[in-house]
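Undergrad: For reference, the file structure-v1.txt (compact mmCIF, C-alpha atoms) is included below:
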# COMPACT_ATOMS: atom_id res chain seq x y z
CA MET A 543 0.00 0.00 0.00
CA ASP A 544 1.37 3.42 -0.93
CA LEU A 545 -0.09 4.84 2.29
CA LEU A 546 1.85 2.43 4.49
CA ASN A 547 5.09 2.84 2.57
CA THR A 548 4.77 6.60 2.96
CA LEU A 549 4.06 6.32 6.68
CA VAL A 550 7.04 4.02 7.24
CA GLU A 551 9.36 6.42 5.43
CA LYS A 552 8.04 9.34 7.46
CA GLY A 553 8.35 7.40 10.70
CA LEU A 554 11.98 6.53 10.01
CA ARG A 555 12.63 10.24 9.43
CA ARG A 556 10.55 11.31 12.47
CA GLU A 557 8.34 13.28 10.10
CA LEU A 558 4.76 14.06 11.08
CA PRO A 559 2.10 12.36 8.91
CA THR A 560 -0.76 14.42 7.58
CA ARG A 561 -4.12 14.30 9.32
CA GLU A 562 -5.51 12.56 6.25
CA GLU A 563 -2.87 9.84 6.51
CA ALA A 564 -3.54 9.32 10.22
CA LEU A 565 -7.28 9.09 9.58
CA ALA A 566 -6.65 6.63 6.75
CA VAL A 567 -4.86 4.27 9.17
CA LEU A 568 -7.94 4.19 11.39
CA ALA A 569 -10.12 3.53 8.34
CA THR A 570 -8.15 0.59 6.94
CA PRO A 571 -10.18 -2.60 6.51
CA ASP A 572 -9.57 -5.68 8.62
CA ASP A 573 -8.21 -7.46 5.55
CA ASP A 574 -5.24 -5.04 5.64
CA LEU A 575 -4.70 -5.16 9.40
CA LEU A 576 -1.58 -7.32 9.35
CA ASP A 577 -0.05 -5.02 6.74
CA VAL A 578 -0.73 -2.04 9.01
CA VAL A 579 0.85 -3.81 12.01
CA ALA A 580 3.88 -4.85 9.96
CA ALA A 581 4.40 -1.30 8.68
CA ALA A 582 4.13 0.34 12.09
CA GLY A 583 6.31 -2.46 13.47
CA LYS A 584 9.16 -1.33 11.20
CA VAL A 585 9.02 2.12 12.78
CA ARG A 586 8.87 0.65 16.30
CA ARG A 587 11.92 -1.56 15.64
CA GLN A 588 13.89 1.31 14.11
CA TRP A 589 13.76 3.29 17.35
CA PHE A 590 13.31 0.60 20.03
CA GLY A 591 14.44 -2.71 18.56
CA ARG A 592 12.62 -5.67 20.11
CA ARG A 593 12.81 -4.34 23.66
CA VAL A 594 9.73 -4.10 25.90
CA LYS A 595 9.87 -1.83 28.93
CA LEU A 596 7.93 -3.01 31.98
CA ASN A 597 6.16 -0.53 34.26
CA TYR A 598 4.46 -1.24 37.57
CA LEU A 599 1.59 0.73 39.13
CA VAL A 600 1.26 1.43 42.84
CA ASN A 601 -2.06 3.03 43.77
CA LEU A 602 -1.09 5.18 46.76
CA LYS A 603 -4.64 6.37 47.50
CA SER A 604 -7.70 4.76 45.96
CA GLY A 605 -11.13 6.24 45.33
CA LEU A 606 -12.79 9.24 47.00
CA CYS A 607 -11.82 11.66 44.22
CA PRO A 608 -13.59 15.06 43.96
CA GLU A 609 -13.32 15.22 40.15
CA ASP A 610 -16.07 14.10 37.76
CA CYS A 611 -14.12 12.26 35.03
CA SER A 612 -16.78 10.05 33.48
CA TYR A 613 -14.41 7.21 32.61
CA CYS A 614 -13.01 6.76 36.10
CA SER A 615 -14.05 4.20 38.70
CA GLN A 616 -12.53 6.43 41.42
CA ARG A 617 -14.82 9.43 40.81
CA LEU A 618 -16.81 10.41 43.88
CA GLY A 619 -20.08 9.71 42.06
CA SER A 620 -18.89 6.26 41.03
CA LYS A 621 -20.88 3.25 42.15
CA ALA A 622 -18.13 0.86 41.09
CA GLU A 623 -17.25 -1.43 43.99
CA ILE A 624 -13.54 -0.69 43.99
CA LEU A 625 -11.03 -0.65 46.83
CA LYS A 626 -11.12 2.61 48.77
CA TYR A 627 -8.30 3.60 51.10
CA THR A 628 -6.29 6.64 52.09
CA TRP A 629 -2.55 7.18 51.64
CA LEU A 630 -0.22 4.21 51.91
CA LYS A 631 2.72 4.78 54.21
CA PRO A 632 6.12 5.10 52.48
CA ASP A 633 7.23 1.65 53.65
CA GLU A 634 3.97 0.08 52.44
CA ALA A 635 4.32 1.74 49.04
CA SER A 636 7.98 0.72 48.81
CA LYS A 637 7.07 -2.88 49.59
CA ALA A 638 4.41 -2.83 46.87
CA ALA A 639 6.88 -1.34 44.41
CA ALA A 640 9.45 -4.03 45.24
CA ALA A 641 7.06 -6.71 43.99
CA GLY A 642 6.93 -5.05 40.58
CA VAL A 643 10.68 -4.57 40.45
CA ALA A 644 11.18 -8.25 41.31
CA GLY A 645 8.93 -9.08 38.37
CA GLY A 646 11.15 -7.12 36.00
CA ALA A 647 9.67 -3.63 36.11
CA LYS A 648 12.05 -0.85 35.16
CA ARG A 649 9.69 1.95 36.19
CA VAL A 650 7.40 2.30 39.20
CA CYS A 651 4.40 4.59 38.75
CA LEU A 652 3.08 6.15 41.95
CA VAL A 653 -0.53 7.21 41.52
CA ALA A 654 -3.00 8.94 43.83
CA SER A 655 -6.59 9.87 43.14
CA GLY A 656 -7.58 13.50 43.59
CA ARG A 657 -7.64 16.86 41.85
CA GLY A 658 -4.02 17.53 42.73
CA PRO A 659 -1.60 17.19 45.63
CA THR A 660 -1.35 19.49 48.63
CA ASP A 661 2.13 20.44 49.77
CA ARG A 662 1.75 17.86 52.54
CA ASP A 663 0.91 15.25 49.90
CA VAL A 664 4.07 16.16 47.98
CA ASP A 665 6.08 15.68 51.18
CA ARG A 666 4.46 12.28 51.67
CA VAL A 667 5.14 11.17 48.10
CA SER A 668 8.68 12.52 48.29
CA LYS A 669 9.37 10.23 51.25
CA THR A 670 7.91 7.33 49.30
CA ILE A 671 10.14 8.09 46.31
CA GLU A 672 13.18 8.23 48.57
CA ALA A 673 12.24 4.88 50.16
CA ILE A 674 11.90 3.23 46.76
CA LYS A 675 15.15 4.69 45.46
CA GLU A 676 16.98 3.57 48.59
CA GLN A 677 15.99 -0.01 47.85
CA ASN A 678 16.19 0.16 44.05
CA GLU A 679 18.62 2.84 42.96
CA ASP A 680 18.36 2.14 39.22
CA VAL A 681 14.57 1.98 39.03
CA GLU A 682 12.74 4.94 37.49
CA VAL A 683 9.95 6.52 39.51
CA CYS A 684 7.05 8.32 37.87
CA ALA A 685 4.51 10.30 39.90
CA CYS A 686 0.89 10.80 38.87
CA LEU A 687 -0.85 13.01 41.39
CA GLY A 688 -3.15 15.22 39.33
CA LEU A 689 -2.88 18.92 38.64
CA LEU A 690 0.33 20.50 39.93
CA SER A 691 0.71 23.93 41.51
CA GLY A 692 3.77 26.16 41.64
CA GLY A 693 7.00 24.49 42.75
CA GLN A 694 5.56 21.00 43.26
CA ALA A 695 7.18 19.50 40.17
CA GLU A 696 10.55 20.83 41.29
CA ARG A 697 10.10 19.29 44.74
CA LEU A 698 9.24 15.90 43.26
CA ARG A 699 12.30 16.11 41.02
CA ALA A 700 14.49 16.97 44.00
CA ALA A 701 13.12 13.95 45.87
CA GLY A 702 14.28 11.68 43.04
CA ALA A 703 11.27 11.44 40.73
CA ASP A 704 12.27 10.80 37.13
CA ALA A 705 8.96 11.43 35.40
CA TYR A 706 5.46 12.82 35.81
CA ASN A 707 2.31 11.48 34.21
CA HIS A 708 -0.75 13.53 33.31
CA ASN A 709 -2.84 12.29 30.40
CA LEU A 710 -4.72 14.50 27.95
CA ASN A 711 -7.19 11.60 27.56
CA THR A 712 -9.23 12.96 24.66
CA SER A 713 -9.40 15.84 22.21
CA GLU A 714 -9.72 19.43 23.37
CA GLY A 715 -12.99 19.78 21.47
CA THR A 716 -14.68 16.95 23.37
CA TYR A 717 -12.91 17.26 26.72
CA GLY A 718 -15.88 18.99 28.35
CA ASP A 719 -18.04 15.98 27.53
CA ILE A 720 -16.07 13.72 29.89
CA THR A 721 -14.97 16.13 32.63
CA THR A 722 -16.37 19.43 33.93
CA THR A 723 -14.38 19.99 37.14
CA HIS A 724 -11.17 20.97 35.34
CA THR A 725 -10.20 21.87 31.79
CA TYR A 726 -8.07 20.48 29.01
CA ALA A 727 -5.84 23.55 29.40
CA ASP A 728 -5.28 22.61 33.07
CA ARG A 729 -3.89 19.27 31.95
CA VAL A 730 -1.61 20.81 29.33
CA ASP A 731 -0.31 23.27 31.92
CA THR A 732 0.61 20.46 34.33
CA VAL A 733 2.57 18.63 31.63
CA HIS A 734 4.43 21.86 30.87
CA GLN A 735 5.23 22.30 34.58
CA ALA A 736 6.70 18.80 34.71
CA GLN A 737 8.84 19.44 31.63
CA ALA A 738 10.06 22.78 32.96
CA ALA A 739 11.18 21.06 36.18
CA GLY A 740 13.29 18.58 34.23
CA LEU A 741 10.93 15.64 34.69
CA SER A 742 10.37 13.26 31.81
CA ALA A 743 6.81 14.00 30.69
CA CYS A 744 4.35 11.15 30.26
CA SER A 745 0.98 11.95 28.69
CA GLY A 746 -1.44 9.81 26.72
CA LEU A 747 -5.03 9.07 25.87
CA ILE A 748 -8.02 6.86 26.55
CA ALA A 749 -9.69 5.28 23.50
CA GLY A 750 -13.16 3.79 23.44
CA MET A 751 -15.16 6.56 25.14
CA GLY A 752 -17.41 7.10 22.13
CA GLU A 753 -15.00 9.46 20.39
CA SER A 754 -14.74 9.84 16.60
CA ASP A 755 -11.71 9.13 14.43
CA ASP A 756 -11.21 12.89 14.21
CA ASP A 757 -11.10 13.10 18.02
CA LEU A 758 -8.46 10.38 18.19
CA VAL A 759 -6.29 12.08 15.59
CA ASP A 760 -6.77 15.45 17.33
CA VAL A 761 -5.53 14.18 20.70
CA VAL A 762 -2.59 12.25 19.23
CA PHE A 763 -1.51 15.27 17.17
CA SER A 764 -1.80 17.39 20.32
CA LEU A 765 0.42 14.90 22.12
CA ARG A 766 2.97 15.10 19.31
CA GLU A 767 3.01 18.89 19.76
CA LEU A 768 3.27 18.56 23.55
CA ASP A 769 6.23 16.24 22.98
CA PRO A 770 6.12 13.91 26.02
CA ASP A 771 8.73 11.17 26.23
CA SER A 772 6.12 8.48 26.76
CA VAL A 773 2.54 8.12 25.52
CA PRO A 774 0.37 5.58 27.33
CA VAL A 775 -2.55 4.33 25.23
CA ASN A 776 -5.42 3.27 27.48
CA PHE A 777 -8.54 1.49 26.31
CA LEU A 778 -11.63 2.34 28.34
CA ILE A 779 -12.53 -0.22 30.98
CA PRO A 780 -16.33 0.23 31.21
CA PHE A 781 -16.82 -0.26 34.94
CA GLU A 782 -20.39 -0.85 36.02
CA GLY A 783 -21.41 2.08 38.20
CA THR A 784 -19.71 4.73 36.03
CA PRO A 785 -21.34 6.95 33.38
CA LEU A 786 -19.44 5.19 30.57
CA ALA A 787 -20.40 1.66 31.60
CA LYS A 788 -22.31 1.21 28.34
CA GLU A 789 -19.41 2.26 26.08
CA TRP A 790 -18.25 -0.99 24.50
CA ASN A 791 -17.00 0.44 21.21
CA LEU A 792 -13.70 -1.34 20.65
CA THR A 793 -12.72 -4.51 18.85
CA PRO A 794 -9.22 -6.00 18.94
CA GLN A 795 -8.77 -4.86 15.34
CA ARG A 796 -9.77 -1.28 16.13
CA ALA A 797 -7.45 -1.20 19.14
CA LEU A 798 -4.53 -2.32 16.95
CA ARG A 799 -5.28 0.35 14.35
CA ILE A 800 -5.32 3.02 17.08
CA LEU A 801 -1.93 1.83 18.38
CA ALA A 802 -0.52 1.84 14.85
CA MET A 803 -1.74 5.40 14.26
CA VAL A 804 -0.11 6.53 17.52
CA ARG A 805 3.16 4.90 16.50
CA PHE A 806 3.15 6.61 13.09
CA VAL A 807 2.44 10.02 14.65
CA CYS A 808 4.87 9.53 17.56
CA PRO A 809 7.54 7.30 16.01
CA ASP A 810 10.43 7.78 18.44
CA VAL A 811 8.39 8.06 21.65
CA GLU A 812 7.83 5.34 24.24
CA VAL A 813 4.34 4.13 23.33
CA ARG A 814 2.89 2.26 26.29
CA LEU A 815 0.20 -0.38 26.03
CA ALA A 816 -1.77 0.55 29.12
CA GLY A 817 -5.09 -0.05 30.88
CA GLY A 818 -7.77 -2.13 29.17
CA ARG A 819 -5.48 -4.18 26.91
CA GLU A 820 -6.71 -7.48 28.34
CA VAL A 821 -10.34 -6.42 27.98
CA HIS A 822 -10.21 -5.19 24.38
CA LEU A 823 -7.17 -6.77 22.69
CA ARG A 824 -7.65 -10.12 24.40
CA SER A 825 -5.82 -12.85 22.44
CA MET A 826 -4.44 -10.20 20.04
CA GLN A 827 -2.19 -8.68 22.73
CA PRO A 828 1.03 -10.19 21.27
CA LEU A 829 0.43 -8.33 17.99
CA ALA A 830 0.31 -5.07 19.94
CA LEU A 831 3.93 -5.61 21.01
CA HIS A 832 4.90 -4.89 17.40
CA LEU A 833 3.44 -1.38 17.91
CA ALA A 834 4.06 -0.49 21.57
CA ASN A 835 7.46 -0.81 23.22
CA SER A 836 6.21 -0.57 26.79
CA ILE A 837 3.50 -2.22 28.91
CA PHE A 838 2.24 -2.31 32.47
CA LEU A 839 3.06 -5.49 34.36
CA GLY A 840 0.29 -7.16 36.33
CA ASP A 841 -2.60 -5.18 37.81
CA TYR A 842 -3.75 -1.60 37.28
CA LEU A 843 -5.15 0.99 39.68
CA THR A 844 -8.58 -0.46 40.38
CA SER A 845 -8.76 -3.38 37.94
CA GLU A 846 -6.88 -6.63 37.65
CA GLY A 847 -4.60 -7.36 34.73
CA GLN A 848 -3.47 -10.73 33.53
CA ALA A 849 -0.93 -12.59 35.64
CA GLY A 850 2.51 -11.02 35.67
CA GLN A 851 4.14 -14.29 34.58
CA THR A 852 1.70 -14.46 31.67
CA ASP A 853 2.89 -11.00 30.60
CA LEU A 854 6.50 -12.20 30.70
CA ASP A 855 5.67 -15.39 28.79
CA MET A 856 3.78 -13.38 26.16
CA ILE A 857 6.78 -11.10 25.59
CA ALA A 858 9.17 -14.05 25.24
CA ASP A 859 6.84 -16.11 23.04
CA ALA A 860 6.37 -13.15 20.67
CA GLY A 861 10.14 -12.89 20.22
CA PHE A 862 10.68 -9.75 22.29
CA GLU A 863 12.90 -9.15 25.31
CA VAL A 864 12.39 -7.31 28.59
CA GLU A 865 14.36 -4.07 28.72
CA GLY A 866 16.94 -3.96 31.51
CA THR A 867 17.68 -1.10 33.87
CA ASP A 868 21.09 -0.73 32.20
CA THR A 869 19.46 0.21 28.89
CA THR A 870 18.29 3.70 27.95
CA THR A 871 14.71 3.48 26.76
CA LEU A 872 14.60 6.43 24.39
CA PRO A 873 16.61 6.82 21.18
CA GLU A 874 19.85 8.74 21.65
CA HIS A 875 18.58 12.03 20.24
CA ARG A 876 15.66 12.12 22.71
CA ALA A 877 17.68 10.93 25.69
CA GLU A 878 20.27 13.64 25.09
CA ALA A 879 17.56 16.29 24.81
CA LEU A 880 16.28 15.15 28.19
CA GLY A 881 19.66 15.99 29.69
CA GLY A 882 20.65 12.55 30.88
CA SER A 883 17.49 11.90 32.89
CA CYS A 884 15.72 8.54 32.83
CA GLY A 885 15.32 8.68 29.07
CA SER A 886 12.15 7.21 28.79
CA HIS A 887 2.82 6.17 33.29
CA SER A 888 -1.15 4.79 33.68
CA GLY A 889 -2.08 4.10 31.80
CA GLY A 890 -5.23 4.60 33.43
CA CYS A 891 -3.48 6.76 35.98
CA ALA A 892 -5.16 10.06 35.37
CA PRO A 893 -6.62 11.06 38.72
CA CYS A 894 -10.15 11.81 38.50
CA GLY A 895 -14.91 12.24 40.12
CA ASP A 896 -18.01 14.08 41.52
CA SER A 897 -21.20 14.59 39.70
CA GLU A 898 -24.42 12.69 39.44
CA PRO A 899 -23.80 9.52 37.44
CA ALA A 900 -25.57 9.18 34.14
CA ALA A 901 -28.58 6.91 33.87
CA GLU A 902 -27.35 3.35 34.12
CA VAL A 903 -27.58 1.15 31.06
CA PRO A 904 -27.32 -2.62 31.60
CA THR A 905 -23.96 -3.40 30.04
CA ALA A 906 -24.93 -7.02 29.54
CA ASP A 907 -27.39 -5.82 26.88
CA VAL A 908 -24.71 -4.03 24.86
CA PRO A 909 -23.65 -6.10 21.83
CA GLY A 910 -20.04 -7.21 22.18
CA ALA A 911 -19.80 -6.27 25.86
CA ARG A 912 -17.31 -8.48 27.73
CA THR A 913 -18.18 -7.63 31.29
CA ASP A 914 -16.68 -10.96 32.33
CA LEU A 915 -13.24 -9.50 31.58
CA VAL A 916 -13.63 -6.50 33.91
CA ALA A 917 -12.31 -7.59 37.30
CA VAL A 918 -11.97 -5.19 40.23
CA ARG A 919 -8.56 -5.34 41.89
CA ARG A 920 -8.75 -7.08 45.27
CA ARG A 921 -5.04 -7.71 45.90
CA GLY A 922 -1.82 -5.79 46.25
CA ALA A 923 -1.69 -2.17 47.49
CA GLY A 924 -4.30 -1.40 50.11
CA THR A 925 -4.96 -5.09 50.89
CA ASP A 926 -3.29 -7.89 52.84
CA LEU A 927 -2.98 -10.07 49.74
CA ALA A 928 0.14 -10.49 47.63
CA PRO A 929 0.31 -8.27 44.52
CA ASN A 930 0.21 -9.53 40.96
CA ALA A 931 3.64 -8.94 39.44
So, in terms of structure tokens, how does the structure I just supplied come out?

TA:
Amino acid sequence: MDLLNTLVEKGLRRELPTREEALAVLATPDDDLLDVVAAAGKVRRQWFGRRVKLNYLVNLKSGLCPEDCSYCSQRLGSKAEILKYTWLKPDEASKAAAAGVAGGAKRVCLVASGRGPTDRDVDRVSKTIEAIKEQNEDVEVCACLGLLSGGQAERLRAAGADAYNHNLNTSEGTYGDITTTHTYADRVDTVHQAQAAGLSACSGLIAGMGESDDDLVDVVFSLRELDPDSVPVNFLIPFEGTPLAKEWNLTPQRALRILAMVRFVCPDVEVRLAGGREVHLRSMQPLALHLANSIFLGDYLTSEGQAGQTDLDMIADAGFEVEGTDTTTLPEHRAEALGGSCGSHSGGCAPCGDSEPAAEVPTADVPGARTDLVAVRRRGAGTDLAPNA
């Protein structure tokens, strides 16, 4: 296909595709899917070889969020029966992180629900970062605490944080449809604050919320302009008890096309296969490794992922290798631009909600709904059970 040849050539040159080309990737028929994956895979291998970076989420504070993000099970108006607990102590968080590191994780992502951290919260997270670094000096730590205020990014950096995550989630034009308690501009500002403080910026999207192809291209082009070092691609997990519980819009084929489009638009960036991959990609997950060079290991914030060992087996069986802590994730030109930092959360780690939930629609009646694959996390952080890593 001329389209795919053109996109490969542009990706190898780090040249931005046109909007029409990006939209065309999303519109390709299923008969051409393997060609699309193969083409985007060439770009992925050019910049990242066959390495897969493992990331591990630690949910420092679960639920009870004052924001009204419609996609989130932690929103205050949520009726999802998730774990709810206040801040983990630094030693508890460090212990949880150690499980992920033992499983091969190179980066630990510390996430807390809420609009944004207070200065006391930053102190608390700083102590947690220091505890993790004391035990695992070479492990990257990414914080995801919501909207930042003046000086907080610098304090996190001084405590040893390597990166900060704050997702754009969807296009600017439709942002008000999913959240009303803060703005798209607020999110962009927080990413800029992280970058200005010398933190590696991590910002991505959530697909499957009922958005159009134009919306998807808009947010990915905005991410390209924002220039984060890593772009997590989340696929909506339609939790019962949230306003988007009825949104079952994705097929494995559609999810792969979205990942391919992200790779073509952001060729030399760490593209992370994040929340919802088990729910929507299902048995097609190994194909996604040809597009994304980074995944979360084990469980997510409020939902369970597949077994950590299954993740490792999948990577090996697909002919990929786990990236070690002695390897720089990003291509040389990006790592140098970052000034020797980590060179490289959560997915699904955008803190978020408080408004009246939308009228509930029985998800079991939605064609294609796989509610059997949505499992609330009941182990790991905030519980007495061993984590999945």

Undergrad: Can you tell me, as number ranges by chain, what residues are no more than 8 Å from region 596-599 of chain A when counting only C-alpha atoms, ignoring any on the same chain fewer than 3 positions away?

TA: A: 639, 642-643, 646-653, 836-843, 864-865, 887-888, 931

Undergrad: Figure out the distance between CA of Asp544 (chain A) and CA of Val578 (chain A), please, to one decimal in Å.

TA: 11.5 Å

Undergrad: Give me the region 592-620 of chain A side of the contact with region 736-754 of chain A, cut-off 12 Å, one line per residue showing its nearest atom pair and distance in Å at one decimal, counting only C-alpha atoms, sorted by chain and residue number, as JSON lines.

TA:
{"residue": "A:Cys611", "atom": "CA", "partner": "A:Met751", "partner_atom": "CA", "distance": 11.5}
{"residue": "A:Ser612", "atom": "CA", "partner": "A:Met751", "partner_atom": "CA", "distance": 9.2}
{"residue": "A:Tyr613", "atom": "CA", "partner": "A:Met751", "partner_atom": "CA", "distance": 7.5}
{"residue": "A:Cys614", "atom": "CA", "partner": "A:Ile748", "partner_atom": "CA", "distance": 10.8}

Undergrad: I'd like to know which of A:Met803, A:Asp760, A:Leu831, A:Leu575 is closest to Leu854 (chain A), using all atoms listed in the file.

TA: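 Comparing A:Met803, A:Asp760, A:Leu831, A:Leu575 against Leu854 (chain A), the winner is A:Leu831.
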
Undergrad: Write out, as a tab-separated table, each residue of region 617-731 of chain A that has an atom at most 8 Å from region 908-920 of chain A, together with the closest pair of atoms and their distance in Å to one decimal, counting all atoms listed in the file, rows going by chain and rising number.

TA:
residue	atom	partner	partner_atom	distance
A:Glu623	CA	A:Val918	CA	7.5
A:Ile624	CA	A:Val918	CA	6.1
A:Leu625	CA	A:Arg920	CA	7.0

Undergrad: What is the CA of Leu630 (chain A) to CA of Ala701 (chain A) distance in Å?

TA: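 Interatomic distance, CA of Leu630 (chain A) to CA of Ala701 (chain A): 17.6 Å.
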
Undergrad: What is the CA of Thr925 (chain A) to CA of Thr844 (chain A) distance in Å?

TA: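 Interatomic distance here is 12.0 Å.
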
Undergrad: Using all atoms listed in the file, which of A:Thr870, A:Gln735, A:Thr721, A:Ser691 sits nearest Glu609 (chain A)?

TA: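 Smallest separation from Glu609 (chain A) among the options: A:Thr721.
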
Undergrad: Write out as an NGL selection string each polymer residue whose atoms come within 7 Å of Arg729 (chain A), counting all atoms listed in the file; drop sequence neighbours fewer than 6 positions from it.

TA: :A and (689 or 708 or 710)

Undergrad: For the point (11.5, 9.4, 50.0) in file coordinates, what residues are within 12 Å, counting all atoms listed in the file? Give the answer as a list of chain:residue names?

TA: A:Lys631, A:Pro632, A:Asp633, A:Ala635, A:Ser636, A:Val664, A:Asp665, A:Arg666, A:Val667, A:Ser668, A:Lys669, A:Thr670, A:Ile671, A:Glu672, A:Ala673, A:Ile674, A:Lys675, A:Glu676, A:Gln677, A:Asn678, A:Glu679, A:Val683, A:Arg697, A:Leu698, A:Arg699, A:Ala700, A:Ala701, A:Gly702, A:Ala703

Undergrad: Quick one: of A:Ile779, A:Val567, A:Leu558, A:Ala644, who's nearest to Ala802 (chain A), counting all atoms listed in the file?

TA: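 For Ala802 (chain A), the nearest of the candidates is A:Val567.
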
Undergrad: Please list as a ChimeraX atom specification every residue within 12 Å of Phe763 (chain A), counting all atoms listed in the file and excluding residues in the same chain fewer than 2 positions away.

TA: /A:558-562,564-565,710,712-714,746-747,756-761,765-770,773,803-808

Undergrad: Neighbouring residues of Thr871 (chain A) were defined as those with any atom within 10 Å, considering all atoms listed in the file; residues of the same chain fewer than 3 positions away were excluded. Please report them as a VMD selection string.

TA: chain A and resid 589 to 590 593 to 595 648 771 to 772 811 to 812 835 to 836 865 to 868 874 876 to 877 884 to 886

Undergrad: Using all atoms listed in the file, which residues sit within 9 Å of Gly656 (chain A) once same-chain residues fewer than 2 positions away are excluded, as a list in words?

TA: Lys603, Gly605, Leu606, Cys607, Pro608, Glu609, Gln616, Arg617, Ala654, Gly658, Pro659, Leu687, Gly688, Leu689, Pro893, Cys894 and Gly895 of chain A
